>>> print(open('start-v3.cif').read())   # mmCIF, C-alpha atoms and all ligand atoms
data_data
loop_
_atom_site.label_atom_id
_atom_site.label_comp_id
_atom_site.auth_asym_id
_atom_site.auth_seq_id
_atom_site.Cartn_x
_atom_site.Cartn_y
_atom_site.Cartn_z
CA MET A 1 -11.51 38.15 11.26
CA ASP A 2 -8.03 37.97 12.79
CA GLU A 3 -8.60 34.29 13.42
CA LEU A 4 -9.41 33.46 9.81
CA ARG A 5 -6.14 32.42 8.22
CA PRO A 6 -5.58 31.06 4.71
CA ASP A 7 -2.52 28.97 5.68
CA TYR A 8 -4.18 25.59 5.62
CA ILE A 9 -5.83 26.25 2.26
CA LEU A 10 -2.49 27.18 0.72
CA GLN A 11 -0.67 24.32 2.40
CA VAL A 12 -3.05 21.74 0.92
CA GLY A 13 -3.50 23.55 -2.39
CA LEU A 14 0.23 23.66 -3.03
CA GLY A 15 0.88 20.37 -1.27
CA PHE A 16 1.97 18.85 -4.59
CA TRP A 17 5.19 20.91 -4.43
CA ALA A 18 6.36 19.07 -1.34
CA SER A 19 4.99 15.79 -2.61
CA LYS A 20 6.86 16.00 -5.92
CA ALA A 21 10.10 17.09 -4.22
CA LEU A 22 10.00 13.92 -2.12
CA LEU A 23 9.05 11.73 -5.11
CA SER A 24 11.94 13.14 -7.16
CA ALA A 25 14.32 12.58 -4.24
CA VAL A 26 13.26 8.91 -4.15
CA GLU A 27 13.56 8.68 -7.95
CA MET A 28 17.11 10.11 -7.79
CA GLU A 29 17.97 7.81 -4.86
CA VAL A 30 19.06 10.69 -2.62
CA PHE A 31 18.42 8.66 0.54
CA THR A 32 20.16 5.52 -0.79
CA GLU A 33 23.20 7.65 -1.64
CA LEU A 34 23.29 9.37 1.76
CA ALA A 35 22.82 6.06 3.60
CA LYS A 36 26.37 5.21 2.46
CA HIS A 37 27.77 8.34 4.14
CA ALA A 38 27.04 12.05 4.60
CA GLU A 39 28.07 14.32 1.71
CA ASP A 40 28.71 18.00 1.14
CA LEU A 41 26.77 19.99 -1.45
CA GLU A 42 29.30 19.75 -4.25
CA THR A 43 29.92 16.02 -4.00
CA LEU A 44 26.22 15.27 -3.71
CA GLN A 45 25.41 17.52 -6.65
CA GLY A 46 27.88 15.55 -8.79
CA ARG A 47 26.76 12.13 -7.53
CA LEU A 48 23.06 12.81 -8.10
CA GLY A 49 23.52 14.65 -11.39
CA LEU A 50 21.84 17.83 -10.12
CA HIS A 51 22.20 21.10 -12.02
CA PRO A 52 24.08 23.75 -9.99
CA ARG A 53 21.03 26.00 -10.19
CA SER A 54 18.78 23.44 -8.47
CA ALA A 55 21.04 21.51 -6.11
CA ARG A 56 21.14 23.77 -3.05
CA ASP A 57 17.46 24.66 -3.11
CA PHE A 58 16.41 21.05 -3.67
CA LEU A 59 18.54 19.63 -0.86
CA ASP A 60 17.69 22.42 1.57
CA THR A 61 14.00 21.94 0.75
CA LEU A 62 14.42 18.33 1.86
CA VAL A 63 16.08 19.63 5.06
CA ALA A 64 13.19 22.03 5.72
CA LEU A 65 10.69 19.21 5.06
CA LYS A 66 12.60 17.13 7.65
CA PHE A 67 13.63 14.38 5.24
CA LEU A 68 17.33 15.36 5.51
CA GLU A 69 19.54 17.05 8.11
CA ARG A 70 22.42 19.45 7.36
CA ARG A 71 25.28 19.79 9.83
CA ASP A 72 28.54 21.65 9.17
CA GLY A 73 27.76 21.86 5.46
CA ARG A 74 27.15 18.12 5.08
CA TYR A 75 23.82 16.46 4.33
CA TYR A 76 22.61 13.42 6.30
CA ASN A 77 19.50 11.22 6.16
CA THR A 78 17.22 11.49 9.17
CA PRO A 79 16.84 8.21 11.13
CA ILE A 80 13.42 7.72 9.50
CA THR A 81 14.48 8.32 5.88
CA ASP A 82 17.59 6.21 6.45
CA PHE A 83 15.47 3.28 7.62
CA PHE A 84 12.58 3.52 5.14
CA LEU A 85 14.05 5.13 2.00
CA ASP A 86 17.44 3.46 1.57
CA LYS A 87 16.82 1.07 -1.32
CA ARG A 88 19.38 -1.41 -0.07
CA LYS A 89 17.62 -2.03 3.26
CA PRO A 90 14.81 -4.61 3.60
CA SER A 91 12.81 -1.90 5.42
CA TYR A 92 12.61 0.18 2.17
CA ILE A 93 9.05 1.40 1.52
CA GLY A 94 9.90 3.62 -1.45
CA GLY A 95 8.24 1.20 -3.90
CA MET A 96 4.94 2.94 -3.25
CA LEU A 97 6.53 6.34 -3.87
CA GLU A 98 8.22 5.13 -7.07
CA MET A 99 4.81 4.04 -8.34
CA ALA A 100 3.25 7.30 -7.16
CA ASN A 101 5.91 9.17 -9.12
CA HIS A 102 5.59 7.17 -12.37
CA ARG A 103 1.89 6.51 -12.42
CA LEU A 104 -0.34 8.19 -9.83
CA TYR A 105 1.15 11.66 -10.07
CA PRO A 106 0.40 12.04 -13.81
CA PHE A 107 -2.95 10.20 -13.54
CA TRP A 108 -4.16 12.48 -10.71
CA SER A 109 -3.80 15.48 -13.01
CA HIS A 110 -6.97 14.06 -14.69
CA LEU A 111 -8.94 14.01 -11.42
CA THR A 112 -11.50 16.58 -12.61
CA THR A 113 -12.23 14.45 -15.69
CA ALA A 114 -12.65 11.41 -13.43
CA LEU A 115 -14.98 13.36 -11.14
CA ARG A 116 -17.14 14.43 -14.08
CA THR A 117 -17.18 11.18 -16.04
CA GLY A 118 -16.75 8.52 -13.34
CA LEU A 119 -14.18 6.90 -15.62
CA PRO A 120 -10.71 5.67 -14.65
CA GLN A 121 -7.76 7.79 -15.76
CA ASN A 122 -4.91 5.28 -15.76
CA GLU A 123 -3.68 2.76 -18.36
CA ILE A 124 -7.22 1.36 -18.71
CA ARG A 125 -8.55 4.68 -20.02
CA GLU A 126 -8.48 3.05 -23.44
CA GLY A 127 -10.99 0.39 -22.38
CA ALA A 128 -9.24 -2.64 -20.82
CA PRO A 129 -11.84 -3.96 -18.34
CA ASN A 130 -9.50 -5.26 -15.61
CA PRO A 131 -6.84 -2.94 -14.14
CA PHE A 132 -4.58 -5.86 -13.34
CA ASP A 133 -4.46 -7.05 -16.98
CA ALA A 134 -2.93 -3.72 -18.04
CA LEU A 135 -0.59 -3.60 -15.06
CA TYR A 136 0.58 -7.20 -15.39
CA ALA A 137 1.21 -7.08 -19.13
CA GLU A 138 4.71 -5.67 -18.48
CA PRO A 139 7.07 -7.49 -16.06
CA ALA A 140 8.84 -4.30 -14.88
CA ARG A 141 5.53 -2.62 -14.09
CA LEU A 142 4.31 -5.75 -12.29
CA ARG A 143 7.38 -5.86 -10.06
CA GLU A 144 7.11 -2.13 -9.31
CA PHE A 145 3.43 -2.50 -8.40
CA LEU A 146 3.97 -5.50 -6.11
CA ARG A 147 6.83 -3.75 -4.29
CA ALA A 148 4.66 -0.66 -4.01
CA MET A 149 2.04 -2.78 -2.23
CA THR A 150 4.67 -3.83 0.33
CA GLY A 151 5.56 -0.15 0.83
CA VAL A 152 2.02 0.98 1.49
CA SER A 153 1.03 -2.04 3.59
CA HIS A 154 4.10 -2.80 5.70
CA GLY A 155 3.13 -0.82 8.85
CA ALA A 156 -0.35 -2.34 8.93
CA ASN A 157 1.06 -5.81 8.19
CA LEU A 158 3.29 -5.59 11.27
CA ALA A 159 0.33 -4.43 13.37
CA ILE A 160 -1.82 -7.38 12.18
CA ALA A 161 1.06 -9.79 12.87
CA HIS A 162 1.24 -8.62 16.48
CA LYS A 163 -2.32 -7.55 17.38
CA PHE A 164 -4.47 -10.41 16.18
CA PRO A 165 -4.86 -13.43 18.56
CA TRP A 166 -2.90 -15.81 16.32
CA SER A 167 -2.34 -18.44 19.05
CA LYS A 168 -5.92 -19.67 18.47
CA TYR A 169 -5.25 -20.59 14.83
CA ARG A 170 -2.85 -22.81 12.83
CA THR A 171 -3.36 -21.98 9.14
CA VAL A 172 -3.80 -18.73 7.25
CA VAL A 173 -4.36 -17.67 3.62
CA ASP A 174 -3.58 -14.17 2.32
CA VAL A 175 -5.82 -13.54 -0.69
CA GLY A 176 -4.31 -11.17 -3.31
CA THR A 177 -1.00 -11.45 -1.51
CA ALA A 178 1.17 -9.44 -3.99
CA GLN A 179 4.84 -9.67 -2.89
CA GLY A 180 3.66 -11.43 0.29
CA ASP A 181 4.64 -8.97 3.01
CA LEU A 182 1.48 -9.57 5.12
CA ILE A 183 1.82 -13.35 5.24
CA THR A 184 5.58 -12.91 5.77
CA GLN A 185 5.17 -10.62 8.80
CA VAL A 186 2.42 -12.83 10.24
CA ALA A 187 4.56 -15.97 9.84
CA LEU A 188 7.72 -14.31 11.22
CA ALA A 189 5.90 -13.17 14.36
CA ASN A 190 4.03 -16.48 14.82
CA PRO A 191 6.30 -19.50 14.25
CA HIS A 192 3.45 -22.00 14.84
CA LEU A 193 1.54 -20.83 11.72
CA GLU A 194 1.55 -22.27 8.19
CA GLY A 195 0.53 -19.89 5.44
CA ILE A 196 -0.50 -19.62 1.82
CA GLY A 197 -0.24 -16.60 -0.45
CA PHE A 198 -2.98 -16.72 -3.12
CA ASP A 199 -2.72 -14.53 -6.21
CA LEU A 200 -2.64 -14.58 -10.01
CA PRO A 201 0.03 -16.94 -11.44
CA GLN A 202 2.30 -14.09 -12.70
CA VAL A 203 2.88 -13.06 -9.07
CA GLY A 204 4.36 -16.44 -8.04
CA PRO A 205 8.09 -15.89 -8.73
CA ILE A 206 8.13 -12.44 -7.08
CA PHE A 207 6.28 -13.81 -4.01
CA GLU A 208 8.58 -16.82 -3.72
CA GLU A 209 11.69 -14.67 -3.94
CA TYR A 210 10.44 -12.40 -1.12
CA VAL A 211 9.35 -15.26 1.12
CA GLY A 212 12.67 -17.03 0.47
CA THR A 213 14.67 -13.91 1.41
CA ASN A 214 12.79 -13.92 4.72
CA GLY A 215 13.67 -17.60 5.31
CA LEU A 216 10.06 -18.79 5.22
CA SER A 217 9.91 -21.02 2.13
CA ARG A 218 9.13 -24.12 4.24
CA ARG A 219 6.11 -22.64 6.07
CA VAL A 220 4.72 -20.22 3.47
CA LYS A 221 3.68 -21.43 -0.01
CA PHE A 222 2.23 -19.77 -3.11
CA VAL A 223 -1.03 -21.02 -4.61
CA PRO A 224 -1.80 -19.55 -8.05
CA GLY A 225 -5.38 -18.82 -9.00
CA SER A 226 -8.11 -16.26 -9.56
CA PHE A 227 -10.64 -15.36 -6.89
CA MET A 228 -13.03 -14.50 -9.72
CA GLU A 229 -13.09 -18.03 -11.03
CA GLN A 230 -12.42 -20.44 -8.18
CA PRO A 231 -13.01 -20.98 -4.47
CA LEU A 232 -10.40 -19.64 -2.04
CA PRO A 233 -7.95 -22.09 -0.45
CA LYS A 234 -9.29 -23.25 2.93
CA ALA A 235 -7.68 -22.11 6.22
CA ASP A 236 -8.47 -21.09 9.83
CA VAL A 237 -7.91 -17.43 8.92
CA ILE A 238 -8.53 -15.70 5.56
CA MET A 239 -6.97 -12.23 5.05
CA MET A 240 -7.67 -9.62 2.37
CA GLY A 241 -5.63 -6.42 2.31
CA HIS A 242 -6.57 -3.73 -0.22
CA ILE A 243 -8.67 -6.22 -2.20
CA LEU A 244 -12.31 -5.29 -1.65
CA HIS A 245 -11.75 -1.63 -2.59
CA ASP A 246 -10.65 -2.61 -6.11
CA TRP A 247 -14.12 -3.90 -7.03
CA ASN A 248 -17.82 -3.00 -7.27
CA LEU A 249 -20.38 -3.93 -4.63
CA GLU A 250 -21.46 -7.17 -6.29
CA ILE A 251 -17.87 -8.48 -6.48
CA LYS A 252 -17.13 -7.27 -2.93
CA ARG A 253 -20.10 -9.33 -1.68
CA MET A 254 -19.01 -12.35 -3.75
CA LEU A 255 -15.48 -12.18 -2.24
CA VAL A 256 -16.86 -11.92 1.32
CA ARG A 257 -19.04 -14.99 0.60
CA LYS A 258 -16.04 -16.92 -0.76
CA ALA A 259 -14.07 -16.09 2.40
CA TYR A 260 -16.97 -17.39 4.52
CA GLU A 261 -17.07 -20.64 2.51
CA ALA A 262 -13.30 -21.20 2.89
CA LEU A 263 -13.37 -20.93 6.72
CA PRO A 264 -14.23 -23.59 9.32
CA GLN A 265 -16.74 -22.79 12.09
CA GLY A 266 -14.95 -20.36 14.45
CA GLY A 267 -12.55 -19.27 11.67
CA ALA A 268 -11.67 -15.59 11.24
CA TYR A 269 -11.80 -13.29 8.21
CA ILE A 270 -9.57 -10.19 8.34
CA VAL A 271 -10.27 -7.39 5.87
CA TYR A 272 -7.97 -4.42 6.06
CA GLU A 273 -7.26 -1.17 4.27
CA SER A 274 -7.73 2.53 5.03
CA ILE A 275 -11.27 1.83 6.25
CA ILE A 276 -13.33 5.06 6.22
CA ASP A 277 -14.83 6.20 9.55
CA ASP A 278 -18.58 5.49 9.78
CA ASP A 279 -19.40 9.23 9.69
CA ARG A 280 -17.27 9.65 6.51
CA SER A 281 -15.79 12.90 7.83
CA ALA A 282 -12.46 12.12 9.52
CA ASN A 283 -10.29 9.61 7.64
CA ALA A 284 -9.24 11.89 4.77
CA PHE A 285 -6.65 9.34 3.58
CA GLY A 286 -9.35 6.65 3.31
CA LEU A 287 -11.60 9.00 1.33
CA LEU A 288 -8.71 10.06 -0.93
CA MET A 289 -7.92 6.37 -1.42
CA SER A 290 -11.45 5.93 -2.70
CA LEU A 291 -10.82 8.75 -5.21
CA ASN A 292 -7.62 6.91 -6.12
CA MET A 293 -9.79 3.88 -6.88
CA LEU A 294 -11.90 6.16 -9.10
CA ILE A 295 -8.72 6.96 -11.04
CA GLU A 296 -7.37 3.39 -11.00
CA THR A 297 -10.34 1.03 -11.40
CA ALA A 298 -13.54 0.62 -13.42
CA ASP A 299 -15.90 0.70 -10.42
CA GLY A 300 -13.96 0.15 -7.18
CA PHE A 301 -14.48 2.23 -4.04
CA ASP A 302 -13.44 2.33 -0.38
CA TYR A 303 -15.97 1.87 2.41
CA THR A 304 -16.66 2.22 6.13
CA GLY A 305 -16.29 -0.36 8.90
CA ALA A 306 -20.10 -0.45 9.16
CA ASP A 307 -20.40 -1.19 5.40
CA CYS A 308 -17.95 -4.08 5.64
CA SER A 309 -19.52 -5.49 8.83
CA GLY A 310 -22.88 -5.42 7.01
CA TRP A 311 -21.52 -7.48 4.06
CA MET A 312 -19.96 -9.93 6.53
CA LYS A 313 -23.24 -10.33 8.46
CA GLU A 314 -25.12 -10.89 5.17
CA ALA A 315 -22.67 -13.67 4.28
CA GLY A 316 -23.34 -15.37 7.63
CA PHE A 317 -20.50 -14.21 9.92
CA ARG A 318 -21.88 -14.32 13.48
CA GLU A 319 -19.63 -11.62 14.97
CA THR A 320 -17.71 -8.65 13.55
CA ARG A 321 -15.49 -5.92 15.00
CA VAL A 322 -13.35 -3.04 13.68
CA GLU A 323 -9.85 -2.50 15.13
CA HIS A 324 -7.48 0.34 14.34
CA LEU A 325 -4.04 -0.74 13.07
CA THR A 326 -1.77 2.19 12.29
CA GLY A 327 -2.16 5.61 10.63
CA PRO A 328 -5.29 5.56 8.44
CA ASP A 329 -5.55 1.75 8.41
CA SER A 330 -8.02 -0.44 10.30
CA MET A 331 -9.09 -4.07 10.06
CA VAL A 332 -12.57 -5.49 10.09
CA ILE A 333 -12.67 -8.96 11.65
CA GLY A 334 -15.51 -11.39 11.02
CA ILE A 335 -15.85 -14.64 13.00
CA LYS A 336 -17.76 -17.50 11.35
C1 LIG B 401 -4.18 -3.75 -4.42
S1 LIG B 401 -3.25 -5.19 -4.42
C2 LIG B 401 -3.16 -5.59 -2.71
C3 LIG B 401 -1.92 -6.34 -2.34
C4 LIG B 401 -1.75 -6.71 -0.86
N1 LIG B 401 -2.81 -7.53 -0.37
C5 LIG B 401 -1.61 -5.48 0.00
O1 LIG B 401 -2.53 -5.14 0.73
O2 LIG B 401 -0.53 -4.84 -0.04
C6 LIG B 401 -4.39 -6.34 -5.08
C7 LIG B 401 -3.85 -7.74 -5.28
O3 LIG B 401 -4.92 -8.58 -5.77
C8 LIG B 401 -4.40 -9.43 -6.76
N2 LIG B 401 -5.47 -9.87 -7.67
C9 LIG B 401 -6.12 -9.12 -8.59
N3 LIG B 401 -7.03 -9.86 -9.24
C10 LIG B 401 -6.96 -11.11 -8.69
C11 LIG B 401 -7.66 -12.32 -8.93
N4 LIG B 401 -8.61 -12.38 -9.85
N5 LIG B 401 -7.34 -13.41 -8.18
C12 LIG B 401 -6.36 -13.34 -7.24
N6 LIG B 401 -5.67 -12.21 -6.96
C13 LIG B 401 -5.96 -11.10 -7.69
C14 LIG B 401 -3.37 -8.58 -7.45
O4 LIG B 401 -2.45 -9.38 -8.19
C15 LIG B 401 -2.73 -7.83 -6.28
O5 LIG B 401 -1.65 -8.55 -5.74
#
>>> encode(input="start-v3.cif", output="structure tokens")
Amino acid sequence: MDELRPDYILQVGLGFWASKALLSAVEMEVFTELAKHAEDLETLQGRLGLHPRSARDFLDTLVALKFLERRDGRYYNTPITDFFLDKRKPSYIGGMLEMANHRLYPFWSHLTTALRTGLPQNEIREGAPNPFDALYAEPARLREFLRAMTGVSHGANLAIAHKFPWSKYRTVVDVGTAQGDLITQVALANPHLEGIGFDLPQVGPIFEEYVGTNGLSRRVKFVPGSFMEQPLPKADVIMMGHILHDWNLEIKRMLVRKAYEALPQGGAYIVYESIIDDDRSANAFGLLMSLNMLIETADGFDYTGADCSGWMKEAGFRETRVEHLTGPDSMVIGIK
């Protein structure tokens, strides 16, 4: 009995405390402020607009959670928060956390309803059929969402840029490219490649701005279109990050078929997201992501490497393999 401890249950059950403290810190730009220089409690309290009752506990909570350091009464970013959560650095990944704070955090309070009804609990609760229509109706929300995609995908994008045998190929299309971080990282690491980002027309200006900032406008172009209505642009490699999980099985299969049709013989199809382990018992993030799709989409769901390999084989791919990228993310590669 001595060995039975409730710690883990309480840690997960009250995990939203720590989560919301971090999300509020990002919202209040604590890390952007401290990236300028370290501050003492009083100055920081004034700068961030914190109430005297909350300031010390809030900042010391961030110290205890290892997002800040405190030395001689002054607060500092850690090297990790300084790199990833300072809004003025290109390495900022807080877009995902900003979206989590505005959207996912309130929507997840309806998880039980979603579990009982199978219905999404976000903006489309009122009946809009396509989650992207609701999201893209407002420019500010669109920009926040596309930056959030960069935040959640950046580590995996770097891994794909360096792990995949790019020297065998010359052209690449990223389908559902969002801000374009995947094609950007792939093109930066592989100067011989020419790339296309394919997405809905509203995404174009935000993509082009990002690609331009990375000095890639000559080699990386935007092609507007809908993968529901038209064939995919042709290339030696077709990539899809966090696309298949948005949709039901029929649309997943249709997208895999379209990728097959857009590739030459020997071409490669890379599908990546937080692919669930085949036993569906270890990748908790991948499984939670699937619950997030329950909240966010009409009928999307995440899937295992074996599921995806099966859809690829059905479409005609002669060879498939699953490779781990980083954290919960893996890629499934199909060779035509
Ligand atoms: C979940 S995001 C993934 C973004 C990015 N690939 C990543 O992994 O970070 C899905 C993307 O698919 C795009 N998309 C949605 N419907 C589309 C359609 N019918 N045709 C082309 N792109 C679409 C969205 O605009 C969005 O950029």
>>> closest_atom_pairs(input="start-v3.cif", of="chain A", to="ligand LIG 401 (chain B)", cutoff="10 Å", atoms="all atoms listed in the file", output="Markdown table")
| residue | atom | partner | partner_atom | distance |
| --- | --- | --- | --- | --- |
| A:Asn130 | CA | B:LIG401 | N3 | 8.2 |
| A:Pro131 | CA | B:LIG401 | C9 | 8.3 |
| A:Phe132 | CA | B:LIG401 | C9 | 6.0 |
| A:Asp133 | CA | B:LIG401 | N3 | 8.6 |
| A:Leu135 | CA | B:LIG401 | O4 | 9.2 |
| A:Tyr136 | CA | B:LIG401 | O4 | 8.1 |
| A:Leu142 | CA | B:LIG401 | O4 | 8.7 |
| A:Phe145 | CA | B:LIG401 | S1 | 8.2 |
| A:Leu146 | CA | B:LIG401 | O5 | 6.4 |
| A:Arg147 | CA | B:LIG401 | O2 | 8.6 |
| A:Ala148 | CA | B:LIG401 | O2 | 7.8 |
| A:Met149 | CA | B:LIG401 | O2 | 4.0 |
| A:Thr150 | CA | B:LIG401 | O2 | 5.3 |
| A:Gly151 | CA | B:LIG401 | O2 | 7.7 |
| A:Val152 | CA | B:LIG401 | O2 | 6.5 |
| A:Ser153 | CA | B:LIG401 | O2 | 4.8 |
| A:His154 | CA | B:LIG401 | O2 | 7.7 |
| A:Ala156 | CA | B:LIG401 | O1 | 8.9 |
| A:Asn157 | CA | B:LIG401 | O1 | 8.3 |
| A:Asp174 | CA | B:LIG401 | N1 | 7.2 |
| A:Val175 | CA | B:LIG401 | N6 | 6.4 |
| A:Gly176 | CA | B:LIG401 | O3 | 3.6 |
| A:Thr177 | CA | B:LIG401 | N1 | 4.5 |
| A:Ala178 | CA | B:LIG401 | O5 | 3.4 |
| A:Gln179 | CA | B:LIG401 | O5 | 7.2 |
| A:Gly180 | CA | B:LIG401 | C4 | 7.3 |
| A:Asp181 | CA | B:LIG401 | O2 | 7.3 |
| A:Leu182 | CA | B:LIG401 | C5 | 7.2 |
| A:Ile183 | CA | B:LIG401 | N1 | 9.3 |
| A:Gly197 | CA | B:LIG401 | N1 | 9.4 |
| A:Phe198 | CA | B:LIG401 | C12 | 6.3 |
| A:Asp199 | CA | B:LIG401 | N6 | 3.8 |
| A:Leu200 | CA | B:LIG401 | C12 | 4.8 |
| A:Pro201 | CA | B:LIG401 | C12 | 8.5 |
| A:Gln202 | CA | B:LIG401 | O4 | 8.1 |
| A:Val203 | CA | B:LIG401 | O4 | 6.5 |
| A:Gly204 | CA | B:LIG401 | O4 | 9.8 |
| A:Phe207 | CA | B:LIG401 | O5 | 9.7 |
| A:Val223 | CA | B:LIG401 | C12 | 9.7 |
| A:Pro224 | CA | B:LIG401 | C12 | 7.7 |
| A:Gly225 | CA | B:LIG401 | N5 | 5.8 |
| A:Ser226 | CA | B:LIG401 | N5 | 3.3 |
| A:Phe227 | CA | B:LIG401 | N5 | 4.0 |
| A:Met228 | CA | B:LIG401 | N4 | 4.9 |
| A:Glu229 | CA | B:LIG401 | N4 | 7.3 |
| A:Gln230 | CA | B:LIG401 | N5 | 8.7 |
| A:Leu232 | CA | B:LIG401 | C12 | 9.1 |
| A:Met239 | CA | B:LIG401 | N1 | 8.3 |
| A:Met240 | CA | B:LIG401 | N1 | 6.0 |
| A:Gly241 | CA | B:LIG401 | O1 | 3.7 |
| A:His242 | CA | B:LIG401 | O1 | 4.4 |
| A:Ile243 | CA | B:LIG401 | C6 | 5.2 |
| A:Leu244 | CA | B:LIG401 | C6 | 8.7 |
| A:His245 | CA | B:LIG401 | C1 | 8.1 |
| A:Asp246 | CA | B:LIG401 | C1 | 6.8 |
| A:Trp247 | CA | B:LIG401 | N3 | 9.5 |
| A:Val271 | CA | B:LIG401 | O1 | 9.6 |
| A:Tyr272 | CA | B:LIG401 | O1 | 7.6 |
| A:Glu273 | CA | B:LIG401 | O1 | 7.1 |
| A:Met293 | CA | B:LIG401 | C1 | 9.8 |
>>> atom_distance(input="start-v3.cif", atom1="CA of His162 (chain A)", atom2="CA of Ser330 (chain A)")
13.8 Å
>>> residues_near_point(input="start-v3.cif", point="(-12.0, -8.2, 11.4)", cutoff="8 Å", atoms="only C-alpha atoms", output="JSON, numbers by chain")
{"A": [268, 269, 270, 271, 272, 320, 321, 322, 323, 331, 332, 333, 334, 335]}
>>> closest_residue(input="start-v3.cif", among="A:Glu250, A:Asp82, A:Glu123, A:Glu39", to="Asp299 (chain A)", atoms="only C-alpha atoms")
A:Glu250
>>> residues_around(input="start-v3.cif", residues="region 66-69 of chain A", least_positions_apart="5", cutoff="12 Å", atoms="only C-alpha atoms", output="ChimeraX atom specification")
/A:18-19,21-23,25-26,30-31,34-35,38-40,58-61,74-85
>>> closest_residue(input="start-v3.cif", among="A:Tyr260, A:Trp17, A:Phe164, A:Trp108", to="Leu65 (chain A)", atoms="all atoms listed in the file")
A:Trp17
>>> closest_residue(input="start-v3.cif", among="A:Ile251, A:Val172, A:Lys258, A:Lys87", to="Val220 (chain A)", atoms="only C-alpha atoms")
A:Val172
>>> closest_residue(input="start-v3.cif", among="A:Thr326, A:Lys252, A:Asp57, A:Asn190", to="Ser274 (chain A)", atoms="all atoms listed in the file")
A:Thr326
>>> residues_around(input="start-v3.cif", residues="Gly118 (chain A)", least_positions_apart="6", cutoff="9 Å", atoms="all atoms listed in the file", output="PDB file with C-alpha atoms, keeping the file's coordinate frame")
ATOM      1  CA  LEU A 294     -11.900   6.160  -9.100  1.00  0.00           C
ATOM      2  CA  ILE A 295      -8.720   6.960 -11.040  1.00  0.00           C
ATOM      3  CA  ALA A 298     -13.540   0.620 -13.420  1.00  0.00           C
ATOM      4  CA  ASP A 299     -15.900   0.700 -10.420  1.00  0.00           C
TER       5      ASP A 299
END
>>> residues_near_point(input="start-v3.cif", point="(9.6, 0.8, -6.0)", cutoff="7 Å", atoms="only C-alpha atoms", output="list in words")
Gly94, Gly95, Met96, Leu97, Glu98, Met99, Glu144, Arg147 and Ala148 of chain A
>>> closest_residue(input="start-v3.cif", among="A:Leu111, A:Val173, A:Pro120, A:Arg257", to="Leu288 (chain A)", atoms="only C-alpha atoms")
A:Leu111
>>> closest_residue(input="start-v3.cif", among="A:Leu325, A:Ala187, A:Val256, A:Ala235", to="Gly215 (chain A)", atoms="only C-alpha atoms")
A:Ala187
>>> atom_distance(input="start-v3.cif", atom1="CA of Lys221 (chain A)", atom2="CA of Pro191 (chain A)")
14.6 Å
>>> decode(input="start-v3.cif", residues="region 14-25 of chain A", atoms="N, CA and C atoms", output="mmCIF file, in the first residue's frame")
data_model
loop_
_atom_site.group_PDB
_atom_site.id
_atom_site.type_symbol
_atom_site.label_atom_id
_atom_site.label_comp_id
_atom_site.auth_asym_id
_atom_site.auth_seq_id
_atom_site.Cartn_x
_atom_site.Cartn_y
_atom_site.Cartn_z
ATOM 1 N N LEU A 14 -4.868 18.297 -11.981
ATOM 2 C CA LEU A 14 -4.766 19.744 -11.787
ATOM 3 C C LEU A 14 -3.762 20.369 -12.763
ATOM 4 N N GLY A 15 -3.429 19.596 -13.784
ATOM 5 C CA GLY A 15 -2.435 20.070 -14.760
ATOM 6 C C GLY A 15 -2.839 21.379 -15.422
ATOM 7 N N PHE A 16 -4.141 21.668 -15.448
ATOM 8 C CA PHE A 16 -4.587 22.914 -16.098
ATOM 9 C C PHE A 16 -4.114 24.144 -15.347
ATOM 10 N N TRP A 17 -3.791 24.016 -14.050
ATOM 11 C CA TRP A 17 -3.251 25.177 -13.320
ATOM 12 C C TRP A 17 -1.941 25.646 -13.975
ATOM 13 N N ALA A 18 -1.035 24.678 -14.129
ATOM 14 C CA ALA A 18 0.270 25.009 -14.710
ATOM 15 C C ALA A 18 0.101 25.455 -16.159
ATOM 16 N N SER A 19 -0.767 24.764 -16.866
ATOM 17 C CA SER A 19 -0.990 25.096 -18.265
ATOM 18 C C SER A 19 -1.467 26.543 -18.395
ATOM 19 N N LYS A 20 -2.468 26.920 -17.599
ATOM 20 C CA LYS A 20 -3.026 28.267 -17.743
ATOM 21 C C LYS A 20 -2.044 29.338 -17.264
ATOM 22 N N ALA A 21 -1.204 28.998 -16.275
ATOM 23 C CA ALA A 21 -0.192 29.977 -15.840
ATOM 24 C C ALA A 21 0.762 30.281 -17.001
ATOM 25 N N LEU A 22 1.176 29.244 -17.717
ATOM 26 C CA LEU A 22 2.070 29.464 -18.860
ATOM 27 C C LEU A 22 1.343 30.240 -19.968
ATOM 28 N N LEU A 23 0.096 29.864 -20.250
ATOM 29 C CA LEU A 23 -0.647 30.544 -21.328
ATOM 30 C C LEU A 23 -0.857 32.025 -20.989
ATOM 31 N N SER A 24 -1.144 32.330 -19.727
ATOM 32 C CA SER A 24 -1.298 33.743 -19.351
ATOM 33 C C SER A 24 0.033 34.479 -19.437
ATOM 34 N N ALA A 25 1.129 33.800 -19.104
ATOM 35 C CA ALA A 25 2.451 34.437 -19.207
ATOM 36 C C ALA A 25 2.750 34.792 -20.661
#
